[in-house]
Amino acid sequence: MRRTVLGHLVGVGLALAAGTATAQGVPGAAQGAPAPAGQGTSVPTPAGQGASVPVPGTQGGQSATPQAQEAATQDATRSTQQQAQVSEGAPAQAAEPLTLARLVERARRSDARVEEAEAELRRLQALQRQAHWAWFPKFETVVGFGGPTPEAYNDGLGGPPTTEASREGDLNFGTLGVTFRAEVNALLPIYTFGKLTALEKAGDQGPIIGAALRERARDEAGFQAAQAFYGYQLARSGLAQIEDVGKRLEDAGKRINEMLEEESQQVSKIDTYKVNFFRQVVAARLAEARQGQAVALAAIRMLAGAKPDERLEIADVELPLEEEFTPPTLEKALTLADQHRPELTALQAGIAAREQEVLIRERSYYPDLGIIGFARYAYTTNATPQRSPFADDPYNDRSVGIGIAARGTFDIPIKNAQLDQARAELDKLKAQQRLLQAAIHLEVAKVHGELVSALERARAYSEGEKNTRRWATAAYAAFDLGTGDTRELMDAFTALAQASAERAKGWFDVRVGIEALNRVTGTPPSGP
């Protein structure tokens with residue numbers, strides 16, 4: 001029993017160490033915040049801006065296939081239609097907008113990975129109880145009933161048989177009967193040289209490991225929910241920007257047609273072709289942005305655990321930060337990660353369990369002292385019960401006993417090998433702890449650097465977008481007055497579209513970078 005419980009506990013610690021060390025050893029490229037293998041999933045979001053939101057069925061840092069994007073778009077459209085039908089059938093209360101905080105809370109509660117981690121936690125809690133009850137004696141019980149048995153009669157004092165059929169060596173079995181037997185043995189350990197105490201301490205590490213695994217799953221679900229939420233906001237912002245540029249191009253096209261009808265020498269038919277080309281480019285970008293919004297909405301529904309007929313209204317949030325933001329220093333971020341990363345907590349608990357296993361192996365050379373007890377009962381229908389204490393009676397027996405016993409084995413070579421193996425596993429786990437801590441530090445440094453860089457880019461793009469907007473306004477006014485040409489107008493509109501997209505993408509990276517830094521330092525994602 002001790003080996004079984006301990007094996008489960010330290011096995012979880014080893015699996016965690018190997019998995020996290022491998023997954024976190026080389027941080028991924030998706031938003032500067034890698035996810036453990038099989039959990040980080042992202043696909044491009046709208047308007048070709050390179051942002052990513054988590055979608056099931058894709059690998060971390062890779063784009064979803066066109067088929068997957070099309071399916072997500074169709075699912076989102078079908079869900080919207082179902083919601084409309086429900087609303088038409090019966091008036092319903094207006095759904096409260098789904099903010100980032102509410103989405104993260106739902107994802108941390110209902111994500112399938114979190115449910116899996118909670119089930120693992122319950123299993124480890126059961127192993128803990130099993131370890132604490134390892135002292136409970138096993139009542140080894142044997143009950144049997146059989147026959148036929150030959151006749152066996154004597155004077156009850158161990159004397160010779162009193163009937164001819166009771167004698168052996170012939171085929172005269174006499175009156176046949178049946179026999180019933182029951183036997184119970186138990187050993188209650190009272191002193192095990194610390195083995196039981198060590199097993200209990202090892203079992204106590206199980207819930208710690210399980211809780212850390214659950215917290216890691218919650219952090220992953222919350223972070224991906226933040227990615228999806230801001231991906232949706234990026235798509236919404238992109239749609240507004242593209243529609244604004246499209247409106248400006250439409251006005252410019254109308255003005256060119258008017259000038260052509262007036263036979264103005266300022267424009268020609270080529271200018272019409274230029275405007276029409278850019279209008280088609282805008283239409284293509286608009287289709288991409290709508291598809292990206294549909295994919296982001298599908299990801300939000302999946303992460304929020306929304307039912308097929310549940311109506312979701314996403315709260316509108318502007319991507320630029322309303323208040324001045326200063327990232328924590330790298331030293332502070334590293335300190336937070338060392339204190340709060342659940343992987344480190346789980347691995348430390350796994351090491352503690354391994355240390356107790358080494359102690360158990362060291363004490364396995366000593367026997368277990370305990371109280372032993374037994375009770376036996378046998379009855380045969382055609383045999384005389386013996387009343388003499390010196391008579392052996394295999395047919396009828398009523399005995400009970402209790403005493404002190406020592407239990408142990410002398411397989412010294414096997415014990416030596418098991419002890420060496422336990423010590424090697426402990427050293428291996430400690431090495432993995434150092435590797436994991438180094439990988440986490442590298443991950444924190446990478447995410448922190450990307451957040452600082454994204455913040456600088458976002459601020460620069462914000463200033464650039466202001467200037468390009470003034471440029472576009474001035475160029476359009478000049479063109480409308482007849483003092484500007486078409487090339488200047490198209491250059492201004494192109495620069496405005498690019499600057500607006502880069503500004504939105506920059507602030508998207510900042511928002512996601514903040515959540516990524518929270519994740520890699522062990523702080524749950526949060527939002528407005």
# chains A, B, ... in the order shown; residues from 1 in each chain; ligands from 1
call {"tool": "select_by_dssp", "arguments": {"residues": "stretch 138-287 of chain A", "states": "strand (DSSP E or B)", "output": "PDB file with C-alpha atoms, in the first residue's frame"}}
result
ATOM      1  CA  GLU A 140      -7.227 -11.225   5.851  1.00  0.00           C
ATOM      2  CA  THR A 141     -10.247 -13.497   5.920  1.00  0.00           C
ATOM      3  CA  VAL A 142     -10.753 -16.926   4.387  1.00  0.00           C
ATOM      4  CA  VAL A 143     -14.162 -18.634   4.442  1.00  0.00           C
ATOM      5  CA  GLY A 144     -14.763 -22.058   2.939  1.00  0.00           C
ATOM      6  CA  PHE A 145     -17.470 -24.676   2.671  1.00  0.00           C
ATOM      7  CA  GLY A 146     -17.042 -28.052   1.043  1.00  0.00           C
ATOM      8  CA  GLY A 147     -17.430 -31.810   1.057  1.00  0.00           C
ATOM      9  CA  PRO A 148     -18.031 -34.650   1.071  1.00  0.00           C
ATOM     10  CA  THR A 149     -15.799 -35.529   4.032  1.00  0.00           C
ATOM     11  CA  ALA A 152     -14.162 -39.497  11.564  1.00  0.00           C
ATOM     12  CA  GLY A 177     -20.580 -35.052   5.641  1.00  0.00           C
ATOM     13  CA  VAL A 178     -19.592 -31.469   4.873  1.00  0.00           C
ATOM     14  CA  THR A 179     -17.152 -29.044   6.484  1.00  0.00           C
ATOM     15  CA  PHE A 180     -17.179 -25.277   7.096  1.00  0.00           C
ATOM     16  CA  ARG A 181     -14.055 -23.219   7.814  1.00  0.00           C
ATOM     17  CA  ALA A 182     -13.333 -19.517   8.578  1.00  0.00           C
ATOM     18  CA  GLU A 183     -10.023 -17.843   9.426  1.00  0.00           C
ATOM     19  CA  VAL A 184      -9.114 -14.186  10.145  1.00  0.00           C
ATOM     20  CA  ASN A 185      -5.589 -12.737  10.527  1.00  0.00           C
ATOM     21  CA  ALA A 186      -4.611  -9.128  11.166  1.00  0.00           C
ATOM     22  CA  LEU A 187      -1.481  -7.096  11.949  1.00  0.00           C
ATOM     23  CA  LEU A 188      -1.733  -3.651  13.524  1.00  0.00           C
ATOM     24  CA  PRO A 189       1.610  -1.809  13.141  1.00  0.00           C
ATOM     25  CA  ILE A 190       2.685  -0.004  16.282  1.00  0.00           C
ATOM     26  CA  TYR A 191       6.259   0.977  15.308  1.00  0.00           C
TER      27      TYR A 191
END
call {"tool": "closest_atom_pairs", "arguments": {"of": "stretch 404-458 of chain A", "to": "stretch 342-361 of chain A", "cutoff": "9 Å", "atoms": "only C-alpha atoms", "output": "JSON lines"}}
result
{"residue": "A:Lys415", "atom": "CA", "partner": "A:Arg361", "partner_atom": "CA", "distance": 7.1}
{"residue": "A:Asn416", "atom": "CA", "partner": "A:Arg361", "partner_atom": "CA", "distance": 8.4}
{"residue": "A:Gln418", "atom": "CA", "partner": "A:Arg361", "partner_atom": "CA", "distance": 6.8}
{"residue": "A:Leu419", "atom": "CA", "partner": "A:Arg361", "partner_atom": "CA", "distance": 5.2}
{"residue": "A:Asp420", "atom": "CA", "partner": "A:Val358", "partner_atom": "CA", "distance": 8.7}
{"residue": "A:Gln421", "atom": "CA", "partner": "A:Val358", "partner_atom": "CA", "distance": 8.9}
{"residue": "A:Ala422", "atom": "CA", "partner": "A:Val358", "partner_atom": "CA", "distance": 5.5}
{"residue": "A:Arg423", "atom": "CA", "partner": "A:Val358", "partner_atom": "CA", "distance": 6.1}
{"residue": "A:Glu425", "atom": "CA", "partner": "A:Arg354", "partner_atom": "CA", "distance": 7.5}
{"residue": "A:Leu426", "atom": "CA", "partner": "A:Arg354", "partner_atom": "CA", "distance": 5.6}
{"residue": "A:Leu429", "atom": "CA", "partner": "A:Ile351", "partner_atom": "CA", "distance": 6.4}
{"residue": "A:Lys430", "atom": "CA", "partner": "A:Ile351", "partner_atom": "CA", "distance": 6.9}
{"residue": "A:Gln432", "atom": "CA", "partner": "A:Leu347", "partner_atom": "CA", "distance": 8.6}
{"residue": "A:Gln433", "atom": "CA", "partner": "A:Leu347", "partner_atom": "CA", "distance": 6.6}
{"residue": "A:Leu436", "atom": "CA", "partner": "A:Leu344", "partner_atom": "CA", "distance": 7.6}
{"residue": "A:Gln437", "atom": "CA", "partner": "A:Leu344", "partner_atom": "CA", "distance": 7.3}
call {"tool": "write_last_selection", "arguments": {"atoms": "all heavy atoms", "output": "compact mmCIF listing (two decimals), in the first residue's frame"}}
result
# COMPACT_ATOMS: atom_id res chain seq x y z
N LYS A 415 16.57 -4.30 -1.88
CA LYS A 415 16.40 -3.06 -1.11
C LYS A 415 17.50 -2.06 -1.47
O LYS A 415 17.24 -0.85 -1.57
CB LYS A 415 16.41 -3.36 0.39
CG LYS A 415 15.23 -4.19 0.87
CD LYS A 415 15.30 -4.39 2.37
CE LYS A 415 14.21 -5.33 2.88
NZ LYS A 415 12.87 -4.81 2.65
N ASN A 416 18.72 -2.54 -1.66
CA ASN A 416 19.80 -1.64 -2.06
C ASN A 416 19.51 -0.98 -3.40
O ASN A 416 19.72 0.23 -3.59
CB ASN A 416 21.12 -2.41 -2.13
CG ASN A 416 21.62 -2.85 -0.77
OD1 ASN A 416 21.24 -2.27 0.26
ND2 ASN A 416 22.45 -3.87 -0.73
N GLN A 418 16.57 -0.53 -4.80
CA GLN A 418 15.44 0.41 -4.68
C GLN A 418 15.87 1.71 -4.03
O GLN A 418 15.40 2.79 -4.41
CB GLN A 418 14.32 -0.25 -3.87
CG GLN A 418 13.63 -1.40 -4.60
CD GLN A 418 12.62 -2.12 -3.73
OE1 GLN A 418 12.67 -2.04 -2.49
NE2 GLN A 418 11.70 -2.85 -4.36
N LEU A 419 16.76 1.64 -3.05
CA LEU A 419 17.25 2.86 -2.40
C LEU A 419 18.05 3.70 -3.39
O LEU A 419 17.89 4.94 -3.45
CB LEU A 419 18.09 2.49 -1.19
CG LEU A 419 18.74 3.67 -0.44
CD1 LEU A 419 17.69 4.65 0.04
CD2 LEU A 419 19.58 3.16 0.73
N ASP A 420 18.93 3.08 -4.16
CA ASP A 420 19.70 3.82 -5.15
C ASP A 420 18.79 4.46 -6.20
O ASP A 420 19.03 5.59 -6.65
CB ASP A 420 20.71 2.89 -5.84
CG ASP A 420 21.81 2.44 -4.89
OD1 ASP A 420 22.01 3.10 -3.85
OD2 ASP A 420 22.46 1.41 -5.18
N GLN A 421 17.77 3.74 -6.59
CA GLN A 421 16.83 4.28 -7.57
C GLN A 421 16.09 5.49 -7.01
O GLN A 421 15.92 6.51 -7.71
CB GLN A 421 15.83 3.21 -7.97
CG GLN A 421 14.79 3.67 -8.99
CD GLN A 421 13.78 2.59 -9.32
OE1 GLN A 421 13.93 1.46 -8.90
NE2 GLN A 421 12.76 2.95 -10.07
N ALA A 422 15.64 5.42 -5.76
CA ALA A 422 14.93 6.54 -5.15
C ALA A 422 15.83 7.76 -5.04
O ALA A 422 15.40 8.89 -5.30
CB ALA A 422 14.40 6.14 -3.78
N ARG A 423 17.08 7.57 -4.66
CA ARG A 423 18.01 8.70 -4.57
C ARG A 423 18.28 9.31 -5.94
O ARG A 423 18.37 10.55 -6.07
CB ARG A 423 19.32 8.23 -3.94
CG ARG A 423 19.19 7.95 -2.42
CD ARG A 423 20.44 7.31 -1.88
NE ARG A 423 20.37 7.16 -0.42
CZ ARG A 423 21.24 6.46 0.31
NH1 ARG A 423 22.25 5.81 -0.30
NH2 ARG A 423 21.11 6.39 1.62
N GLU A 425 16.21 9.31 -8.51
CA GLU A 425 15.01 10.02 -8.91
C GLU A 425 14.91 11.37 -8.20
O GLU A 425 14.48 12.37 -8.78
CB GLU A 425 13.76 9.18 -8.61
CG GLU A 425 13.63 7.92 -9.45
CD GLU A 425 13.26 8.23 -10.89
OE1 GLU A 425 13.00 9.41 -11.21
OE2 GLU A 425 13.24 7.29 -11.71
N LEU A 426 15.34 11.41 -6.93
CA LEU A 426 15.33 12.67 -6.20
C LEU A 426 16.31 13.66 -6.82
O LEU A 426 15.99 14.84 -7.02
CB LEU A 426 15.68 12.42 -4.73
CG LEU A 426 15.80 13.67 -3.84
CD1 LEU A 426 14.48 14.45 -3.83
CD2 LEU A 426 16.21 13.29 -2.42
N LEU A 429 14.87 15.00 -10.04
CA LEU A 429 13.82 15.99 -9.85
C LEU A 429 14.40 17.34 -9.43
O LEU A 429 13.91 18.40 -9.85
CB LEU A 429 12.83 15.49 -8.79
CG LEU A 429 11.40 16.01 -8.89
CD1 LEU A 429 10.80 15.71 -10.24
CD2 LEU A 429 10.54 15.41 -7.78
N LYS A 430 15.45 17.33 -8.62
CA LYS A 430 16.09 18.59 -8.23
C LYS A 430 16.74 19.27 -9.43
O LYS A 430 16.70 20.50 -9.56
CB LYS A 430 17.12 18.33 -7.14
CG LYS A 430 16.51 17.97 -5.79
CD LYS A 430 17.58 17.74 -4.74
CE LYS A 430 16.95 17.44 -3.38
NZ LYS A 430 17.99 17.19 -2.33
N GLN A 432 15.67 18.97 -12.50
CA GLN A 432 14.56 19.49 -13.28
C GLN A 432 14.00 20.76 -12.67
O GLN A 432 13.53 21.65 -13.38
CB GLN A 432 13.47 18.43 -13.40
CG GLN A 432 13.85 17.26 -14.29
CD GLN A 432 12.80 16.17 -14.32
OE1 GLN A 432 11.93 16.12 -13.46
NE2 GLN A 432 12.88 15.28 -15.30
N GLN A 433 14.07 20.86 -11.35
CA GLN A 433 13.63 22.09 -10.70
C GLN A 433 14.51 23.27 -11.12
O GLN A 433 14.01 24.36 -11.42
CB GLN A 433 13.65 21.92 -9.18
CG GLN A 433 13.14 23.15 -8.42
CD GLN A 433 13.33 23.00 -6.92
OE1 GLN A 433 14.34 22.45 -6.47
NE2 GLN A 433 12.37 23.47 -6.16
N LEU A 436 13.65 24.11 -14.72
CA LEU A 436 12.37 24.79 -14.82
C LEU A 436 12.47 26.24 -14.36
O LEU A 436 11.91 27.14 -14.99
CB LEU A 436 11.32 24.04 -14.00
CG LEU A 436 9.92 24.67 -13.96
CD1 LEU A 436 9.33 24.76 -15.35
CD2 LEU A 436 9.01 23.89 -13.04
N GLN A 437 13.18 26.46 -13.28
CA GLN A 437 13.32 27.83 -12.79
C GLN A 437 14.06 28.70 -13.80
O GLN A 437 13.67 29.85 -14.04
CB GLN A 437 14.05 27.83 -11.45
CG GLN A 437 14.02 29.19 -10.75
CD GLN A 437 14.47 29.10 -9.31
OE1 GLN A 437 15.24 28.20 -8.95
NE2 GLN A 437 14.02 30.02 -8.48
call {"tool": "select_by_dssp", "arguments": {"residues": "stretch 185-232 of chain A", "states": "helix (DSSP H, G or I)", "output": "JSON, numbers by chain"}}
result
{"A": [195, 196, 197, 198, 199, 200, 201, 202, 203, 204, 205, 206, 207, 208, 209, 210, 211, 212, 213, 214, 215, 216, 217, 218, 219, 220, 221, 222, 223, 224, 225, 226, 227, 228, 229, 230, 231, 232]}
call {"tool": "write_last_selection", "arguments": {"atoms": "C-alpha atoms", "output": "tab-separated table (two decimals), in the first residue's frame"}}
result
chain	number	residue	atom	x	y	z
A	195	LYS	CA	7.98	4.56	7.50
A	196	LEU	CA	4.30	5.29	8.16
A	197	THR	CA	5.01	8.90	9.14
A	198	ALA	CA	7.06	9.41	5.99
A	199	LEU	CA	4.23	7.95	3.90
A	200	GLU	CA	1.74	10.37	5.44
A	201	LYS	CA	4.04	13.32	4.72
A	202	ALA	CA	4.44	12.16	1.12
A	203	GLY	CA	0.66	11.81	0.81
A	204	ASP	CA	0.21	15.38	2.05
A	205	GLN	CA	2.10	16.63	-1.00
A	206	GLY	CA	-0.52	15.22	-3.36
A	207	PRO	CA	-3.20	17.90	-2.84
A	208	ILE	CA	-0.50	20.58	-3.11
A	209	ILE	CA	0.51	19.22	-6.50
A	210	GLY	CA	-3.12	18.92	-7.60
A	211	ALA	CA	-4.00	22.46	-6.52
A	212	ALA	CA	-0.96	23.82	-8.39
A	213	LEU	CA	-1.93	21.90	-11.54
A	214	ARG	CA	-5.45	23.29	-11.28
A	215	GLU	CA	-4.14	26.83	-10.85
A	216	ARG	CA	-1.93	26.42	-13.90
A	217	ALA	CA	-4.94	25.29	-15.94
A	218	ARG	CA	-6.95	28.24	-14.66
A	219	ASP	CA	-4.16	30.66	-15.59
A	220	GLU	CA	-3.96	29.23	-19.10
A	221	ALA	CA	-7.73	29.44	-19.58
A	222	GLY	CA	-7.85	32.99	-18.23
A	223	PHE	CA	-4.97	34.15	-20.42
A	224	GLN	CA	-6.50	32.69	-23.55
A	225	ALA	CA	-9.80	34.32	-22.64
A	226	ALA	CA	-7.99	37.67	-22.48
A	227	GLN	CA	-6.43	36.96	-25.89
A	228	ALA	CA	-9.85	36.21	-27.36
A	229	PHE	CA	-11.45	39.27	-25.76
A	230	TYR	CA	-8.82	41.68	-27.04
A	231	GLY	CA	-8.79	39.90	-30.39
A	232	TYR	CA	-12.49	40.71	-30.68
call {"tool": "residues_around", "arguments": {"residues": "A:Phe325", "least_positions_apart": "2", "cutoff": "12 Å", "atoms": "only C-alpha atoms", "output": "number ranges by chain"}}
result
A: 320-323, 327-328, 451-452, 455-456, 459, 507, 510-511, 514
call {"tool": "closest_residue", "arguments": {"among": "A:Arg102, A:Arg167, A:His132, A:Arg469", "to": "A:Gln498", "atoms": "only C-alpha atoms"}}
result
A:Arg469
call {"tool": "residues_around", "arguments": {"residues": "A:Ser110", "least_positions_apart": "3", "cutoff": "10 Å", "atoms": "only C-alpha atoms", "output": "list in words"}}
result
Glu105, Arg106, Ala107, Arg113, Val114, Glu115, Arg218, Ala221, Met302, Leu303, Ala304, Gly305 and Ala306 of chain A
call {"tool": "write_last_selection", "arguments": {"atoms": "N, CA, C and O atoms", "output": "mmCIF file, in the first residue's frame"}}
result
data_model
loop_
_atom_site.group_PDB
_atom_site.id
_atom_site.type_symbol
_atom_site.label_atom_id
_atom_site.label_comp_id
_atom_site.auth_asym_id
_atom_site.auth_seq_id
_atom_site.Cartn_x
_atom_site.Cartn_y
_atom_site.Cartn_z
ATOM 1 N N GLU A 105 -13.356 35.067 -15.564
ATOM 2 C CA GLU A 105 -13.904 34.289 -14.449
ATOM 3 C C GLU A 105 -14.624 33.041 -14.957
ATOM 4 O O GLU A 105 -14.470 31.948 -14.392
ATOM 5 N N ARG A 106 -15.396 33.186 -16.035
ATOM 6 C CA ARG A 106 -16.093 32.033 -16.595
ATOM 7 C C ARG A 106 -15.125 31.017 -17.175
ATOM 8 O O ARG A 106 -15.310 29.800 -17.020
ATOM 9 N N ALA A 107 -14.091 31.501 -17.841
ATOM 10 C CA ALA A 107 -13.110 30.584 -18.428
ATOM 11 C C ALA A 107 -12.356 29.831 -17.339
ATOM 12 O O ALA A 107 -12.115 28.622 -17.450
ATOM 13 N N ARG A 113 -10.083 22.011 -19.368
ATOM 14 C CA ARG A 113 -8.784 21.714 -18.736
ATOM 15 C C ARG A 113 -8.842 21.931 -17.237
ATOM 16 O O ARG A 113 -8.204 21.201 -16.474
ATOM 17 N N VAL A 114 -9.611 22.917 -16.808
ATOM 18 C CA VAL A 114 -9.771 23.147 -15.371
ATOM 19 C C VAL A 114 -10.547 21.998 -14.739
ATOM 20 O O VAL A 114 -10.203 21.528 -13.645
ATOM 21 N N GLU A 115 -11.594 21.537 -15.412
ATOM 22 C CA GLU A 115 -12.348 20.395 -14.887
ATOM 23 C C GLU A 115 -11.464 19.157 -14.792
ATOM 24 O O GLU A 115 -11.561 18.383 -13.826
ATOM 25 N N ARG A 218 -6.140 27.032 -14.749
ATOM 26 C CA ARG A 218 -6.951 28.243 -14.661
ATOM 27 C C ARG A 218 -6.228 29.432 -15.291
ATOM 28 O O ARG A 218 -6.842 30.244 -15.998
ATOM 29 N N ALA A 221 -6.392 29.125 -19.072
ATOM 30 C CA ALA A 221 -7.730 29.435 -19.579
ATOM 31 C C ALA A 221 -8.008 30.935 -19.496
ATOM 32 O O ALA A 221 -8.560 31.536 -20.431
ATOM 33 N N MET A 302 -16.510 29.564 -26.808
ATOM 34 C CA MET A 302 -15.921 28.302 -26.365
ATOM 35 C C MET A 302 -15.271 28.448 -24.989
ATOM 36 O O MET A 302 -15.491 27.638 -24.092
ATOM 37 N N LEU A 303 -14.480 29.509 -24.806
ATOM 38 C CA LEU A 303 -13.781 29.696 -23.537
ATOM 39 C C LEU A 303 -14.742 30.041 -22.402
ATOM 40 O O LEU A 303 -14.491 29.699 -21.246
ATOM 41 N N ALA A 304 -15.826 30.721 -22.727
ATOM 42 C CA ALA A 304 -16.801 31.082 -21.696
ATOM 43 C C ALA A 304 -17.730 29.925 -21.357
ATOM 44 O O ALA A 304 -18.520 30.024 -20.421
ATOM 45 N N GLY A 305 -17.653 28.832 -22.119
ATOM 46 C CA GLY A 305 -18.548 27.707 -21.882
ATOM 47 C C GLY A 305 -19.990 28.061 -22.163
ATOM 48 O O GLY A 305 -20.900 27.561 -21.487
ATOM 49 N N ALA A 306 -20.215 28.912 -23.183
ATOM 50 C CA ALA A 306 -21.570 29.357 -23.492
ATOM 51 C C ALA A 306 -22.363 28.236 -24.155
ATOM 52 O O ALA A 306 -21.833 27.460 -24.945
#
